[in-house]
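Asks: Dropping in model_11.pdb, which is PDB, C-alpha atoms:
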ATOM      1  CA  VAL A   1    -150.435  49.207 123.870
ATOM      2  CA  LEU A   2    -150.326  51.739 121.025
ATOM      3  CA  PHE A   3    -148.271  49.299 118.974
ATOM      4  CA  LEU A   4    -150.841  46.548 119.485
ATOM      5  CA  ALA A   5    -153.619  48.938 118.489
ATOM      6  CA  TYR A   6    -151.660  49.946 115.375
ATOM      7  CA  PHE A   7    -151.128  46.301 114.415
ATOM      8  CA  ALA A   8    -154.806  45.482 114.968
ATOM      9  CA  MET A   9    -155.870  48.452 112.844
ATOM     10  CA  GLN A  10    -153.624  47.247 110.019
ATOM     11  CA  VAL A  11    -155.406  43.882 110.100
ATOM     12  CA  ILE A  12    -158.771  45.665 109.953
ATOM     13  CA  TYR A  13    -157.606  47.723 106.966
ATOM     14  CA  ALA A  14    -156.319  44.583 105.228
ATOM     15  CA  ARG A  15    -159.641  42.818 105.870
ATOM     16  CA  ARG A  16    -161.498  45.699 104.252
ATOM     17  CA  LYS A  17    -159.046  45.989 101.361
ATOM     18  CA  TYR A  18    -159.275  42.300 100.460
ATOM     19  CA  LYS A  19    -162.905  41.799 101.570
ATOM     20  CA  ILE A  20    -162.147  39.122 104.164
ATOM     21  CA  SER A  21    -164.775  38.998 106.887
ATOM     22  CA  PRO A  22    -164.081  37.768 110.412
ATOM     23  CA  PRO A  23    -163.589  35.023 111.551
ATOM     24  CA  GLN A  24    -161.778  34.041 108.331
ATOM     25  CA  THR A  25    -157.999  34.141 108.608
ATOM     26  CA  THR A  26    -157.118  33.062 105.083
ATOM     27  CA  GLY A  27    -157.362  34.802 101.768
ATOM     28  CA  HIS A  28    -155.062  37.154  99.916
ATOM     29  CA  PRO A  29    -151.375  36.543 100.763
ATOM     30  CA  GLU A  30    -150.862  40.151 101.870
ATOM     31  CA  PHE A  31    -153.755  39.838 104.315
ATOM     32  CA  GLU A  32    -152.374  36.555 105.657
ATOM     33  CA  ARG A  33    -148.933  38.103 106.228
ATOM     34  CA  THR A  34    -150.487  41.109 107.973
ATOM     35  CA  PHE A  35    -152.633  38.855 110.140
ATOM     36  CA  ARG A  36    -149.675  36.613 111.072
ATOM     37  CA  ALA A  37    -147.446  39.600 111.835
ATOM     38  CA  GLN A  38    -150.089  41.013 114.165
ATOM     39  CA  ALA A  39    -150.641  37.645 115.844
ATOM     40  CA  ASN A  40    -146.906  37.058 116.311
ATOM     41  CA  CYS A  41    -146.381  40.495 117.855
ATOM     42  CA  THR A  42    -149.351  39.996 120.165
ATOM     43  CA  GLU A  43    -148.072  36.593 121.300
ATOM     44  CA  TYR A  44    -144.751  38.031 122.453
ATOM     45  CA  PHE A  45    -146.136  41.128 124.144
ATOM     46  CA  PRO A  46    -146.875  39.527 127.566
ATOM     47  CA  ILE A  47    -143.349  38.125 127.691
ATOM     48  CA  PHE A  48    -141.911  41.518 126.798
ATOM     49  CA  ILE A  49    -143.978  43.409 129.371
ATOM     50  CA  SER A  50    -143.122  40.921 132.136
ATOM     51  CA  LEU A  51    -139.410  41.081 131.427
ATOM     52  CA  LEU A  52    -139.489  44.857 131.102
ATOM     53  CA  TRP A  53    -141.236  45.179 134.449
ATOM     54  CA  VAL A  54    -138.900  42.836 136.348
ATOM     55  CA  ALA A  55    -135.721  44.232 134.780
ATOM     56  CA  GLY A  56    -136.879  47.799 135.420
ATOM     57  CA  ILE A  57    -137.611  47.149 139.076
ATOM     58  CA  PHE A  58    -134.642  44.970 139.955
ATOM     59  CA  PHE A  59    -131.879  46.017 137.537
ATOM     60  CA  HIS A  60    -131.923  49.599 136.215
ATOM     61  CA  GLN A  61    -134.794  51.648 134.836
ATOM     62  CA  GLY A  62    -132.757  53.571 132.269
ATOM     63  CA  VAL A  63    -131.065  50.565 130.709
ATOM     64  CA  THR A  64    -134.328  48.647 130.723
ATOM     65  CA  ALA A  65    -136.220  51.530 129.121
ATOM     66  CA  ALA A  66    -133.613  51.766 126.354
ATOM     67  CA  CYS A  67    -133.918  48.020 125.698
ATOM     68  CA  GLY A  68    -137.698  48.326 125.720
ATOM     69  CA  LEU A  69    -137.687  51.138 123.168
ATOM     70  CA  LEU A  70    -135.311  49.211 120.926
ATOM     71  CA  TYR A  71    -137.523  46.137 121.229
ATOM     72  CA  LEU A  72    -140.612  48.112 120.216
ATOM     73  CA  TYR A  73    -138.728  49.565 117.248
ATOM     74  CA  THR A  74    -137.586  46.115 116.100
ATOM     75  CA  ARG A  75    -141.132  44.776 116.418
ATOM     76  CA  LEU A  76    -142.433  47.656 114.315
ATOM     77  CA  ARG A  77    -139.780  46.881 111.677
ATOM     78  CA  TYR A  78    -140.732  43.185 111.946
ATOM     79  CA  PHE A  79    -144.383  43.997 111.321
ATOM     80  CA  GLN A  80    -143.619  46.291 108.405
ATOM     81  CA  GLY A  81    -141.178  43.816 106.865
ATOM     82  CA  TYR A  82    -143.509  40.852 107.247
ATOM     83  CA  THR A  83    -146.457  42.623 105.623
ATOM     84  CA  VAL A  84    -144.326  43.281 102.519
ATOM     85  CA  ALA A  85    -142.629  39.868 102.260
ATOM     86  CA  ALA A  86    -142.116  36.921 104.587
ATOM     87  CA  GLN A  87    -138.325  37.259 104.292
ATOM     88  CA  GLY A  88    -138.569  40.890 105.451
ATOM     89  CA  ARG A  89    -139.312  39.740 108.963
ATOM     90  CA  LEU A  90    -136.083  37.838 109.620
ATOM     91  CA  ALA A  91    -133.549  40.541 110.568
ATOM     92  CA  PRO A  92    -135.968  42.369 112.904
ATOM     93  CA  LEU A  93    -137.080  39.025 114.342
ATOM     94  CA  TYR A  94    -133.515  38.129 115.278
ATOM     95  CA  ALA A  95    -132.922  41.598 116.725
ATOM     96  CA  SER A  96    -136.085  41.468 118.833
ATOM     97  CA  ALA A  97    -135.225  37.960 120.067
ATOM     98  CA  TRP A  98    -131.755  39.166 121.051
ATOM     99  CA  LEU A  99    -133.312  42.075 122.967
ATOM    100  CA  LEU A 100    -135.695  39.711 124.778
ATOM    101  CA  TRP A 101    -132.739  37.583 125.853
ATOM    102  CA  LEU A 102    -130.952  40.727 126.994
ATOM    103  CA  LEU A 103    -133.998  41.642 129.091
ATOM    104  CA  VAL A 104    -133.976  38.117 130.554
ATOM    105  CA  ALA A 105    -130.324  38.583 131.515
ATOM    106  CA  LEU A 106    -130.983  42.011 133.036
ATOM    107  CA  ALA A 107    -133.969  40.694 134.995
ATOM    108  CA  LEU A 108    -131.974  37.710 136.282
ATOM    109  CA  ALA A 109    -128.996  39.891 137.211
ATOM    110  CA  GLY A 110    -131.289  42.280 139.061
ATOM    111  CA  LEU A 111    -133.123  39.500 140.877
ATOM    112  CA  LEU A 112    -129.895  37.781 141.879
ATOM    113  CA  ALA A 113    -128.396  41.040 143.111
ATOM    114  CA  HIS A 114    -131.523  41.911 145.031
ATOM    115  CA  PHE A 115    -132.096  38.568 146.740
ATOM    116  CA  LEU A 116    -128.609  37.099 147.078
ATOM    117  CA  TRP A 117    -126.527  40.184 147.834
ATOM    118  CA  PRO A 118    -128.628  42.509 149.977
TER     119      PRO A 118
END
Have the structure of the file written as structure tokens, please.

Replies:
Amino acid sequence: VLFLAYFAMQVIYARRKYKISPPQTTGHPEFERTFRAQANCTEYFPIFISLLWVAGIFFHQGVTAACGLLYLYTRLRYFQGYTVAAQGRLAPLYASAWLLWLLVALALAGLLAHFLWP
């Protein structure tokens, strides 16, 4: 939640810096990149939280927590890279996608172990 608040505050600061009033979402390219980075991170957050919850309950809390922290770090790097240049988002985007798939695998492994092999 703190990450989402940080991202939202960066959009507010960019709006003030470039004098772009809500509900406008276009304007200076730096504002548009900041806005898109915040929107992209917000869109993936429910998926992340759901996977983190299921993997933590059914697989292993420690492994899941480590994956969750790495995911948050890659999303922060994604946000910071995207606000500077659109190409700056690619490496952290791929890393965060890989971590989401890892969480999917952990959640599935935990669910299968829990329900098929009691």

Asks: Go ahead and compute the interatomic distance for CA of Leu69 in chain A and CA of Glu43 in chain A, in Å to one decimal.

Replies: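 Interatomic distance, CA of Leu69 in chain A to CA of Glu43 in chain A: 18.0 Å.
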
Asks: Translate the PyMOL selection byres ((chain A and resi 95) around 10) into a concrete residue list for this structure, as a PyMOL selection string.

Replies: chain A and resi 70-71+73-75+78+90-94+96-101

Asks: For the selection just defined, write its residues with C-alpha atoms to a file, as a PDB file, keeping the file's coordinate frame.

Replies:
ATOM      1  CA  LEU A  70    -135.311  49.211 120.926  1.00  0.00           C
ATOM      2  CA  TYR A  71    -137.523  46.137 121.229  1.00  0.00           C
ATOM      3  CA  TYR A  73    -138.728  49.565 117.248  1.00  0.00           C
ATOM      4  CA  THR A  74    -137.586  46.115 116.100  1.00  0.00           C
ATOM      5  CA  ARG A  75    -141.132  44.776 116.418  1.00  0.00           C
ATOM      6  CA  TYR A  78    -140.732  43.185 111.946  1.00  0.00           C
ATOM      7  CA  LEU A  90    -136.083  37.838 109.620  1.00  0.00           C
ATOM      8  CA  ALA A  91    -133.549  40.541 110.568  1.00  0.00           C
ATOM      9  CA  PRO A  92    -135.968  42.369 112.904  1.00  0.00           C
ATOM     10  CA  LEU A  93    -137.080  39.025 114.342  1.00  0.00           C
ATOM     11  CA  TYR A  94    -133.515  38.129 115.278  1.00  0.00           C
ATOM     12  CA  SER A  96    -136.085  41.468 118.833  1.00  0.00           C
ATOM     13  CA  ALA A  97    -135.225  37.960 120.067  1.00  0.00           C
ATOM     14  CA  TRP A  98    -131.755  39.166 121.051  1.00  0.00           C
ATOM     15  CA  LEU A  99    -133.312  42.075 122.967  1.00  0.00           C
ATOM     16  CA  LEU A 100    -135.695  39.711 124.778  1.00  0.00           C
ATOM     17  CA  TRP A 101    -132.739  37.583 125.853  1.00  0.00           C
TER      18      TRP A 101
END

Asks: Pick out the closest residue to Glu32 in chain A from this set: A:Ala86, A:Leu76, A:Ala5, A:Ala113. Count all atoms listed in the file.

Replies: A:Ala86

Asks: Of the residues A:Ala65, A:Leu4, A:Leu112, A:Leu103, which is the one nearest to Leu51 in chain A, using only C-alpha atoms?

Replies: A:Leu103

Asks: Considering all atoms listed in the file, state which residue in the set A:Phe3, A:Tyr13, A:Val54, A:Phe31 is at the smallest distance from Arg77 in chain A.

Replies: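 Looking at the shortest contact to Arg77 in chain A, the residue is A:Phe3.
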
Asks: What does the distance from CA of Pro29 in chain A to CA of Ala85 in chain A come to in Å, to one decimal?

Replies: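 Answer for the CA of Pro29 in chain A to CA of Ala85 in chain A separation: 9.5 Å.
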
Asks: Mind giving me the straight-line distance from CA of Phe48 in chain A to CA of Leu106 in chain A in Å, one decimal?

Replies: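 Interatomic distance here is 12.6 Å.
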
Asks: Find the residues near Ala107 in chain A: any atom within 10 Å, counting only C-alpha atoms, skip ones fewer than 3 places away on the same chain, and give them as a list in words.

Replies: Ser50, Leu51, Leu52, Trp53, Val54, Ala55, Gly56, Ile57, Phe58, Phe59, His60, Thr64, Trp101, Leu102, Leu103, Val104, Gly110, Leu111, Leu112 and Ala113 of chain A

Asks: Could you save the residues just selected, with C-alpha atoms, as a PDB file, keeping the file's coordinate frame?

Replies:
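Everything below was put into part26.pdb:
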ATOM      1  CA  SER A  50    -143.122  40.921 132.136  1.00  0.00           C
ATOM      2  CA  LEU A  51    -139.410  41.081 131.427  1.00  0.00           C
ATOM      3  CA  LEU A  52    -139.489  44.857 131.102  1.00  0.00           C
ATOM      4  CA  TRP A  53    -141.236  45.179 134.449  1.00  0.00           C
ATOM      5  CA  VAL A  54    -138.900  42.836 136.348  1.00  0.00           C
ATOM      6  CA  ALA A  55    -135.721  44.232 134.780  1.00  0.00           C
ATOM      7  CA  GLY A  56    -136.879  47.799 135.420  1.00  0.00           C
ATOM      8  CA  ILE A  57    -137.611  47.149 139.076  1.00  0.00           C
ATOM      9  CA  PHE A  58    -134.642  44.970 139.955  1.00  0.00           C
ATOM     10  CA  PHE A  59    -131.879  46.017 137.537  1.00  0.00           C
ATOM     11  CA  HIS A  60    -131.923  49.599 136.215  1.00  0.00           C
ATOM     12  CA  THR A  64    -134.328  48.647 130.723  1.00  0.00           C
ATOM     13  CA  TRP A 101    -132.739  37.583 125.853  1.00  0.00           C
ATOM     14  CA  LEU A 102    -130.952  40.727 126.994  1.00  0.00           C
ATOM     15  CA  LEU A 103    -133.998  41.642 129.091  1.00  0.00           C
ATOM     16  CA  VAL A 104    -133.976  38.117 130.554  1.00  0.00           C
ATOM     17  CA  GLY A 110    -131.289  42.280 139.061  1.00  0.00           C
ATOM     18  CA  LEU A 111    -133.123  39.500 140.877  1.00  0.00           C
ATOM     19  CA  LEU A 112    -129.895  37.781 141.879  1.00  0.00           C
ATOM     20  CA  ALA A 113    -128.396  41.040 143.111  1.00  0.00           C
TER      21      ALA A 113
END
